[in-house]
Every structure is written in structure tokens, then in C-alpha cells.
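Chemist: The file below is final.json, JSON, C-alpha atoms:
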[["chain", "number", "residue", "atom", "x", "y", "z"],
["A", 1, "ASP", "CA", 33.38, 1.49, -21.31],
["A", 2, "GLN", "CA", 30.36, 0.90, -19.10],
["A", 3, "GLN", "CA", 28.54, -2.04, -20.69],
["A", 4, "VAL", "CA", 25.81, -2.09, -18.04],
["A", 5, "LYS", "CA", 24.34, 1.19, -16.89],
["A", 6, "GLN", "CA", 22.00, 2.18, -14.12],
["A", 7, "ASN", "CA", 21.37, 5.83, -14.78],
["A", 8, "SER", "CA", 19.46, 6.57, -11.59],
["A", 9, "PRO", "CA", 21.81, 6.65, -8.61],
["A", 10, "SER", "CA", 18.88, 6.83, -6.22],
["A", 11, "LEU", "CA", 15.12, 6.36, -6.02],
["A", 12, "SER", "CA", 12.68, 7.18, -3.24],
["A", 13, "VAL", "CA", 9.17, 5.66, -3.05],
["A", 14, "GLN", "CA", 6.40, 5.43, -0.50],
["A", 15, "GLU", "CA", 5.67, 2.17, 1.28],
["A", 16, "GLY", "CA", 3.03, 0.18, -0.59],
["A", 17, "ARG", "CA", 3.74, 1.82, -3.94],
["A", 18, "ILE", "CA", 5.62, 0.34, -6.89],
["A", 19, "SER", "CA", 9.39, 0.69, -7.21],
["A", 20, "ILE", "CA", 10.80, 0.57, -10.73],
["A", 21, "LEU", "CA", 14.54, 0.24, -11.16],
["A", 22, "ASN", "CA", 16.03, 0.50, -14.64],
["A", 23, "CYS", "CA", 19.10, -0.90, -16.32],
["A", 24, "ASP", "CA", 20.50, -0.51, -19.85],
["A", 25, "TYR", "CA", 23.19, -2.55, -21.55],
["A", 26, "THR", "CA", 25.21, -2.15, -24.70],
["A", 27, "ASN", "CA", 26.66, -5.60, -25.40],
["A", 28, "SER", "CA", 24.30, -7.62, -27.59],
["A", 29, "MET", "CA", 26.11, -10.82, -26.55],
["A", 30, "PHE", "CA", 24.63, -10.62, -23.05],
["A", 31, "ASP", "CA", 22.00, -13.30, -22.72],
["A", 32, "TYR", "CA", 21.43, -13.65, -18.98],
["A", 33, "PHE", "CA", 20.55, -10.88, -16.56],
["A", 34, "LEU", "CA", 20.34, -10.79, -12.79],
["A", 35, "TRP", "CA", 19.31, -8.39, -10.06],
["A", 36, "TYR", "CA", 21.08, -8.31, -6.72],
["A", 37, "LYS", "CA", 20.25, -6.38, -3.56],
["A", 38, "LYS", "CA", 23.04, -5.15, -1.33],
["A", 39, "TYR", "CA", 23.18, -3.75, 2.17],
["A", 40, "PRO", "CA", 26.29, -1.87, 3.36],
["A", 41, "ALA", "CA", 29.15, -4.13, 4.47],
["A", 42, "GLU", "CA", 27.39, -7.24, 3.15],
["A", 43, "GLY", "CA", 27.67, -9.22, -0.05],
["A", 44, "PRO", "CA", 25.04, -8.89, -2.79],
["A", 45, "THR", "CA", 21.96, -11.07, -2.34],
["A", 46, "PHE", "CA", 20.46, -12.66, -5.46],
["A", 47, "LEU", "CA", 16.90, -11.53, -6.16],
["A", 48, "ILE", "CA", 15.76, -12.62, -9.59],
["A", 49, "SER", "CA", 17.12, -13.41, -13.03],
["A", 50, "ILE", "CA", 15.94, -13.57, -16.61],
["A", 51, "SER", "CA", 17.21, -15.29, -19.70],
["A", 52, "SER", "CA", 17.19, -13.49, -23.04],
["A", 53, "ILE", "CA", 14.66, -15.98, -24.40],
["A", 54, "LYS", "CA", 12.06, -14.50, -22.06],
["A", 55, "ASP", "CA", 10.68, -11.00, -21.66],
["A", 56, "LYS", "CA", 9.31, -11.34, -18.14],
["A", 57, "ASN", "CA", 10.01, -13.29, -14.99],
["A", 58, "GLU", "CA", 8.12, -13.05, -11.70],
["A", 59, "ASP", "CA", 8.98, -14.12, -8.18],
["A", 60, "GLY", "CA", 6.60, -12.92, -5.50],
["A", 61, "ARG", "CA", 6.77, -9.15, -5.25],
["A", 62, "PHE", "CA", 9.61, -8.96, -7.77],
["A", 63, "THR", "CA", 9.18, -8.90, -11.55],
["A", 64, "VAL", "CA", 11.91, -8.36, -14.10],
["A", 65, "PHE", "CA", 11.11, -7.20, -17.63],
["A", 66, "LEU", "CA", 13.52, -7.49, -20.53],
["A", 67, "ASN", "CA", 13.28, -5.50, -23.77],
["A", 68, "LYS", "CA", 15.99, -6.92, -25.99],
["A", 69, "SER", "CA", 15.45, -4.54, -28.88],
["A", 70, "ALA", "CA", 15.96, -1.59, -26.56],
["A", 71, "LYS", "CA", 18.68, -3.39, -24.55],
["A", 72, "HIS", "CA", 16.79, -2.44, -21.43],
["A", 73, "LEU", "CA", 15.62, -4.27, -18.35],
["A", 74, "SER", "CA", 13.69, -3.17, -15.33],
["A", 75, "LEU", "CA", 12.91, -4.53, -11.89],
["A", 76, "HIS", "CA", 9.46, -3.90, -10.44],
["A", 77, "ILE", "CA", 8.84, -4.29, -6.72],
["A", 78, "VAL", "CA", 5.18, -4.33, -5.71],
["A", 79, "PRO", "CA", 4.28, -3.44, -3.04],
["A", 80, "SER", "CA", 7.44, -1.75, -1.80],
["A", 81, "GLN", "CA", 8.33, -2.28, 1.86],
["A", 82, "PRO", "CA", 10.78, -0.39, 4.11],
["A", 83, "GLY", "CA", 12.93, -3.53, 4.28],
["A", 84, "ASP", "CA", 13.49, -3.21, 0.54],
["A", 85, "SER", "CA", 15.66, -0.15, 1.16],
["A", 86, "ALA", "CA", 19.09, -1.08, -0.17],
["A", 87, "VAL", "CA", 21.34, -0.69, -3.21],
["A", 88, "TYR", "CA", 20.14, -2.68, -6.22],
["A", 89, "PHE", "CA", 22.58, -3.87, -8.86],
["A", 90, "CYS", "CA", 21.75, -5.29, -12.23],
["A", 91, "ALA", "CA", 24.28, -7.66, -13.75],
["A", 92, "ALA", "CA", 24.70, -9.29, -17.13],
["A", 93, "SER", "CA", 26.58, -12.24, -18.48],
["A", 94, "ASP", "CA", 27.38, -13.81, -21.82],
["A", 95, "ARG", "CA", 26.53, -17.47, -21.29],
["A", 96, "GLY", "CA", 27.69, -18.24, -24.79],
["A", 97, "GLY", "CA", 31.13, -17.17, -23.65],
["A", 98, "ALA", "CA", 31.21, -20.11, -21.23],
["A", 99, "THR", "CA", 32.10, -17.90, -18.33],
["A", 100, "ASN", "CA", 30.54, -16.98, -15.00],
["A", 101, "LYS", "CA", 31.86, -13.42, -15.34],
["A", 102, "LEU", "CA", 29.21, -10.90, -14.40],
["A", 103, "ILE", "CA", 29.27, -7.28, -15.55],
["A", 104, "PHE", "CA", 27.60, -5.07, -12.98],
["A", 105, "GLY", "CA", 25.88, -1.74, -13.22],
["A", 106, "THR", "CA", 26.79, 1.02, -10.78],
["A", 107, "GLY", "CA", 23.77, 0.45, -8.59],
["A", 108, "THR", "CA", 20.62, 2.33, -7.57],
["A", 109, "LEU", "CA", 19.96, 3.22, -3.94],
["A", 110, "LEU", "CA", 16.30, 2.56, -3.18],
["A", 111, "ALA", "CA", 14.74, 4.26, -0.16],
["A", 112, "VAL", "CA", 11.24, 3.14, 0.79],
["A", 113, "GLN", "CA", 9.61, 5.67, 3.06],
["A", 114, "PRO", "CA", 7.15, 4.37, 5.70],
["B", 1, "LYS", "CA", 22.83, -25.17, 3.78],
["B", 2, "ALA", "CA", 25.56, -22.75, 4.83],
["B", 3, "GLY", "CA", 26.26, -19.85, 2.50],
["B", 4, "VAL", "CA", 29.52, -18.61, 1.07],
["B", 5, "THR", "CA", 31.98, -17.75, 3.81],
["B", 6, "GLN", "CA", 34.93, -15.40, 3.56],
["B", 7, "THR", "CA", 37.78, -14.86, 5.97],
["B", 8, "PRO", "CA", 38.89, -12.57, 7.37],
["B", 9, "ARG", "CA", 36.01, -10.10, 7.31],
["B", 10, "TYR", "CA", 38.25, -7.09, 7.92],
["B", 11, "LEU", "CA", 41.93, -6.55, 7.27],
["B", 12, "ILE", "CA", 44.28, -3.60, 7.62],
["B", 13, "LYS", "CA", 47.60, -3.65, 5.82],
["B", 14, "THR", "CA", 50.27, -1.12, 4.86],
["B", 15, "ARG", "CA", 51.57, -0.31, 1.41],
["B", 16, "GLY", "CA", 54.02, -2.85, 0.06],
["B", 17, "GLN", "CA", 52.71, -5.75, 2.11],
["B", 18, "GLN", "CA", 50.90, -8.72, 0.67],
["B", 19, "VAL", "CA", 47.57, -10.23, 1.68],
["B", 20, "THR", "CA", 45.74, -13.53, 1.25],
["B", 21, "LEU", "CA", 41.96, -13.75, 1.38],
["B", 22, "SER", "CA", 40.01, -16.97, 1.68],
["B", 23, "CYS", "CA", 36.64, -18.10, 0.35],
["B", 24, "SER", "CA", 34.68, -21.27, 1.10],
["B", 25, "PRO", "CA", 31.87, -21.83, -1.41],
["B", 26, "ILE", "CA", 28.45, -23.27, -0.73],
["B", 27, "SER", "CA", 28.71, -27.01, -0.23],
["B", 28, "GLY", "CA", 28.63, -28.75, -3.61],
["B", 29, "HIS", "CA", 29.50, -25.63, -5.58],
["B", 30, "ARG", "CA", 32.60, -26.02, -7.70],
["B", 31, "SER", "CA", 32.82, -22.62, -9.32],
["B", 32, "VAL", "CA", 34.25, -19.62, -7.46],
["B", 33, "SER", "CA", 34.57, -16.07, -8.76],
["B", 34, "TRP", "CA", 36.14, -13.03, -7.15],
["B", 35, "TYR", "CA", 35.07, -9.38, -7.45],
["B", 36, "GLN", "CA", 36.43, -6.09, -6.18],
["B", 37, "GLN", "CA", 34.04, -3.35, -5.11],
["B", 38, "THR", "CA", 35.25, 0.24, -4.79],
["B", 39, "PRO", "CA", 33.26, 3.48, -4.67],
["B", 40, "GLY", "CA", 34.82, 4.71, -7.88],
["B", 41, "GLN", "CA", 34.78, 1.56, -10.03],
["B", 42, "GLY", "CA", 31.84, -0.39, -8.63],
["B", 43, "LEU", "CA", 31.88, -4.18, -8.77],
["B", 44, "GLN", "CA", 34.65, -5.46, -11.02],
["B", 45, "PHE", "CA", 35.38, -9.06, -11.96],
["B", 46, "LEU", "CA", 38.79, -10.36, -10.86],
["B", 47, "PHE", "CA", 38.90, -14.05, -11.79],
["B", 48, "GLU", "CA", 36.94, -17.27, -11.98],
["B", 49, "TYR", "CA", 37.91, -20.80, -11.00],
["B", 50, "PHE", "CA", 36.33, -24.15, -11.67],
["B", 51, "SER", "CA", 37.80, -27.50, -10.67],
["B", 52, "GLU", "CA", 41.08, -25.87, -9.65],
["B", 53, "THR", "CA", 41.51, -24.18, -13.05],
["B", 54, "GLN", "CA", 41.35, -20.49, -13.76],
["B", 55, "ARG", "CA", 38.76, -20.06, -16.49],
["B", 56, "ASN", "CA", 38.70, -16.30, -16.85],
["B", 57, "LYS", "CA", 40.59, -13.27, -15.60],
["B", 58, "GLY", "CA", 39.55, -9.64, -15.36],
["B", 59, "ASN", "CA", 41.58, -6.59, -16.22],
["B", 60, "PHE", "CA", 43.73, -6.39, -13.10],
["B", 61, "PRO", "CA", 47.53, -6.26, -12.75],
["B", 62, "GLY", "CA", 49.56, -9.38, -12.11],
["B", 63, "ARG", "CA", 49.81, -8.45, -8.43],
["B", 64, "PHE", "CA", 46.36, -10.01, -8.11],
["B", 65, "SER", "CA", 46.40, -13.79, -8.21],
["B", 66, "GLY", "CA", 44.27, -16.64, -7.04],
["B", 67, "ARG", "CA", 43.95, -20.35, -6.78],
["B", 68, "GLN", "CA", 41.40, -23.02, -6.04],
["B", 69, "PHE", "CA", 41.90, -26.19, -4.05],
["B", 70, "SER", "CA", 40.51, -29.66, -4.61],
["B", 71, "ASN", "CA", 37.76, -29.04, -2.03],
["B", 72, "SER", "CA", 36.68, -25.96, -4.10],
["B", 73, "ARG", "CA", 37.89, -23.49, -1.49],
["B", 74, "SER", "CA", 39.64, -20.54, -3.07],
["B", 75, "GLU", "CA", 42.20, -17.97, -2.07],
["B", 76, "MET", "CA", 43.20, -14.72, -3.67],
["B", 77, "ASN", "CA", 46.48, -12.98, -3.07],
["B", 78, "VAL", "CA", 47.46, -9.37, -3.61],
["B", 79, "SER", "CA", 51.17, -8.59, -3.49],
["B", 80, "THR", "CA", 52.88, -5.23, -3.08],
["B", 81, "LEU", "CA", 49.73, -3.55, -1.84],
["B", 82, "GLU", "CA", 48.86, -0.06, -3.02],
["B", 83, "LEU", "CA", 46.50, 2.46, -1.46],
["B", 84, "GLY", "CA", 44.11, 1.93, -4.38],
["B", 85, "ASP", "CA", 43.70, -1.73, -3.44],
["B", 86, "SER", "CA", 41.52, -0.69, -0.51],
["B", 87, "ALA", "CA", 38.18, -2.25, -1.34],
["B", 88, "LEU", "CA", 35.55, -4.81, -0.46],
["B", 89, "TYR", "CA", 36.60, -8.14, -1.98],
["B", 90, "LEU", "CA", 33.68, -10.42, -2.73],
["B", 91, "CYS", "CA", 33.63, -14.09, -3.53],
["B", 92, "ALA", "CA", 30.74, -15.79, -5.34],
["B", 93, "SER", "CA", 30.04, -19.47, -5.89],
["B", 94, "SER", "CA", 27.87, -21.49, -8.21],
["B", 95, "PHE", "CA", 27.34, -25.15, -8.93],
["B", 96, "LEU", "CA", 28.03, -24.94, -12.62],
["B", 97, "ALA", "CA", 30.57, -23.08, -14.70],
["B", 98, "GLY", "CA", 30.08, -21.35, -18.00],
["B", 99, "GLY", "CA", 27.39, -18.90, -16.91],
["B", 100, "ALA", "CA", 24.83, -21.65, -16.59],
["B", 101, "ASP", "CA", 24.01, -21.07, -12.95],
["B", 102, "THR", "CA", 23.21, -18.27, -10.51],
["B", 103, "GLN", "CA", 26.10, -17.01, -8.42],
["B", 104, "TYR", "CA", 25.74, -16.50, -4.70],
["B", 105, "PHE", "CA", 27.94, -14.03, -2.88],
["B", 106, "GLY", "CA", 29.70, -14.12, 0.46],
["B", 107, "PRO", "CA", 29.78, -11.19, 2.90],
["B", 108, "GLY", "CA", 33.13, -9.95, 1.60],
["B", 109, "THR", "CA", 36.48, -9.01, 3.10],
["B", 110, "ARG", "CA", 37.02, -5.31, 3.72],
["B", 111, "LEU", "CA", 40.68, -4.55, 2.98],
["B", 112, "THR", "CA", 42.13, -1.22, 4.07],
["B", 113, "VAL", "CA", 45.62, -0.29, 2.88],
["B", 114, "LEU", "CA", 47.37, 2.46, 4.85]]
Could the structure of this file be written out as C-alpha cells, please?
Modeler:
Amino acid sequence: DQQVKQNSPSLSVQEGRISILNCDYTNSMFDYFLWYKKYPAEGPTFLISISSIKDKNEDGRFTVFLNKSAKHLSLHIVPSQPGDSAVYFCAASDRGGATNKLIFGTGTLLAVQP
Amino acid sequence: KAGVTQTPRYLIKTRGQQVTLSCSPISGHRSVSWYQQTPGQGLQFLFEYFSETQRNKGNFPGRFSGRQFSNSRSEMNVSTLELGDSALYLCASSFLAGGADTQYFGPGTRLTVL
């Protein structure tokens, strides 16, 4: 049972354009969401997070949007740069469950073309 | 501040052997979680420790175990290795427990079982 889904295995965008990565979840108990970026043979690097009490959070070129009614979140990267090419994972947690356990999506490989 | 460190970075074992992996969290962080990443299953939660106590455990067989020491360093052990245990094992640390804080990942230990 995949509680967090990233339906696009890959995405290719041109440098300078917007990258939009999508994530859907099924568990309504999830109340905290994170995006991580991962290069091969390295651990995931934290990018940005959002609590369920918000619908948007920005940090520089990265913005995360949360639509609770649709159980959907998205990560926008503007402008995209070649160095952004990596696998992006969304993750969710149930803070009310008093646990640090993260449920990860399967990842989206982003390729930013120069 | 130094990040999460994991040793060893690479390990090759044969079926039936056991292995111990080590994780040193970011200084001051008391919560450590472990994840397994495989191509087929993605990133899966193994267990979570805080103040030397296991707070949560994922859906893995009893061959997978862990512990945390008083200095917050953690080890995980896999006994009677199987071919399917070949994976990247990731450790993450955070200051707080209970999902209240962002988790930061180490580079991982790549385990190959022959």
C-alpha cells in the first residue's frame, strides 16, 4: 500500500524554466511534508518542508504547495538550474503519532537541460 | 557543524554472515532513524531511537536490529544476511523526537550481499 505516490518517474525541463514535481498521499493523518533531493550514492538532502496548517512555503527558488482537500503537494523550482538535476523525493509524517517515521514516495528524476 | 556520518561507506558480505553499521548523528541531535533504500522498494523505514530507546520499528524481520548509545551514536545489525538485504542503508538524525523536527541524512552505507 503506497501511502505516498510520485506518479512521474522522470521530468525534463530547460534551464531557466519552472520545474514542477508532484506528490499525492492517501493517509489523512499525515500533517507534515518534506522534499528531499538525492544524488546517486549520497544520502537525501533536505530541501523544504510544509506543515498541514499552511498551504504554501517558500525558500529561495523552492516553493512547496499543499492542497489538503486533494491530498496533493507540489514542489516548484524557479528558475531551474543544471545543478538541480537529481532525484527528488517527497516524504510525509504523522506528527500526531509522536514518531519521526517518514513515508517516502518513489522519487522523480529531474533533468535540467542547459 | 559536521553532518551525519556513517561507517563504513561500502561493505561486501556473503549470505549467512552478519553485519554491523554505525551512525554518528549531528552534534546535539538525540534522535536517530534508519532507512533502507532498494531499487524495488524505495526508501523504507527501519527503526527510530531517541535517548537510547527504540520508539518505532518498521515492517522488517527480526534479523534487523539496532541500538543507540548514551552519546546518541547508533548501530544497526543484520544477522543471517540474504541476497535481498543488498541495499543502501541510510541514517537520519534530528534534535527532537516525535516528528517535531526535520531529519538530516548521512551519506549511507552501501551493503552488497553475495
Chemist: For region 75-90 of chain A, list every protein, DNA or RNA residue within 9 Å, evaluated using all atoms listed in the file, and leave out those in the same chain fewer than 3 positions away; present the list as a count of residues only.
Modeler: 43
Chemist: Env of Glu42 (chain A): 9 Å cut, atoms = only C-alpha atoms, seq-sep filter 5 positions within chain, self excluded. Answer as a PyMOL selection string.
Modeler: chain B and resi 106-108
Chemist: Deliver the residues from the most recent selection as a file, using C-alpha atoms, as a short mmCIF file (atom, residue, chain, number, x, y, z; two decimals), in the frame of the given file.
Modeler:
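As written to disk, part_17.cif reads:
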data_model
loop_
_atom_site.label_atom_id
_atom_site.label_comp_id
_atom_site.auth_asym_id
_atom_site.auth_seq_id
_atom_site.Cartn_x
_atom_site.Cartn_y
_atom_site.Cartn_z
CA GLY B 106 29.70 -14.12 0.46
CA PRO B 107 29.78 -11.19 2.90
CA GLY B 108 33.13 -9.95 1.60
#
Chemist: Enumerate as a PDB file with C-alpha atoms, in the frame of the given file the residues belonging to chain A that approach chain B to within 8 Å, with all atoms listed in the file taken into account.
Modeler:
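Dumped everything to part35.pdb:
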ATOM      1  CA  ALA A  41      29.150  -4.130   4.470  1.00  0.00           C
ATOM      2  CA  GLU A  42      27.390  -7.240   3.150  1.00  0.00           C
ATOM      3  CA  GLY A  43      27.670  -9.220  -0.050  1.00  0.00           C
ATOM      4  CA  PRO A  44      25.040  -8.890  -2.790  1.00  0.00           C
ATOM      5  CA  THR A  45      21.960 -11.070  -2.340  1.00  0.00           C
ATOM      6  CA  PHE A  46      20.460 -12.660  -5.460  1.00  0.00           C
ATOM      7  CA  SER A  93      26.580 -12.240 -18.480  1.00  0.00           C
ATOM      8  CA  ASP A  94      27.380 -13.810 -21.820  1.00  0.00           C
ATOM      9  CA  ARG A  95      26.530 -17.470 -21.290  1.00  0.00           C
ATOM     10  CA  GLY A  96      27.690 -18.240 -24.790  1.00  0.00           C
ATOM     11  CA  GLY A  97      31.130 -17.170 -23.650  1.00  0.00           C
ATOM     12  CA  ALA A  98      31.210 -20.110 -21.230  1.00  0.00           C
ATOM     13  CA  THR A  99      32.100 -17.900 -18.330  1.00  0.00           C
ATOM     14  CA  ASN A 100      30.540 -16.980 -15.000  1.00  0.00           C
ATOM     15  CA  LYS A 101      31.860 -13.420 -15.340  1.00  0.00           C
ATOM     16  CA  LEU A 102      29.210 -10.900 -14.400  1.00  0.00           C
ATOM     17  CA  ILE A 103      29.270  -7.280 -15.550  1.00  0.00           C
ATOM     18  CA  PHE A 104      27.600  -5.070 -12.980  1.00  0.00           C
ATOM     19  CA  GLY A 105      25.880  -1.740 -13.220  1.00  0.00           C
ATOM     20  CA  THR A 106      26.790   1.020 -10.780  1.00  0.00           C
TER      21      THR A 106
END
Chemist: Pull the neighbourhood of (27.4, -26.3, -0.3) for me: all residues within 10 Å in file coordinates, counting only C-alpha atoms, as JSON, numbers by chain.
Modeler: {"B": [1, 2, 3, 4, 24, 25, 26, 27, 28, 29, 30, 93, 94, 95]}
Chemist: Can you tell me which residues surround Ala87 (chain B) at a distance of at most 7 Å, considering only C-alpha atoms, apart from same-chain residues fewer than 6 positions away, and format the answer as a list in words?
Modeler: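 Counting only C-alpha atoms, the residues come to Gln36, Gln37, Thr38, Arg110, Leu111 and Thr112 of chain B.
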Chemist: Can I get the selection written as a PDB file, in the frame of the given file, with C-alpha atoms?
Modeler:
ATOM      1  CA  GLN B  36      36.430  -6.090  -6.180  1.00  0.00           C
ATOM      2  CA  GLN B  37      34.040  -3.350  -5.110  1.00  0.00           C
ATOM      3  CA  THR B  38      35.250   0.240  -4.790  1.00  0.00           C
ATOM      4  CA  ARG B 110      37.020  -5.310   3.720  1.00  0.00           C
ATOM      5  CA  LEU B 111      40.680  -4.550   2.980  1.00  0.00           C
ATOM      6  CA  THR B 112      42.130  -1.220   4.070  1.00  0.00           C
TER       7      THR B 112
END
Chemist: For Ser86 (chain B), which of B:Thr20, B:Thr5, B:Asn59, B:Thr14 is the closest residue, counting all atoms listed in the file?
Modeler: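 Of the candidates, the smallest distance to Ser86 (chain B) is held by B:Thr14.
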Chemist: As a list in words, please: the residues near Leu66 (chain A) (cut-off 8 Å, only C-alpha atoms, same-chain neighbours under 5 positions excluded).
Modeler: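 Skipping anything fewer than 5 positions along the chain leaves Ile50, Ser52, Lys54, Asp55, Lys56, Lys71, His72, Leu73 and Ser74 of chain A.
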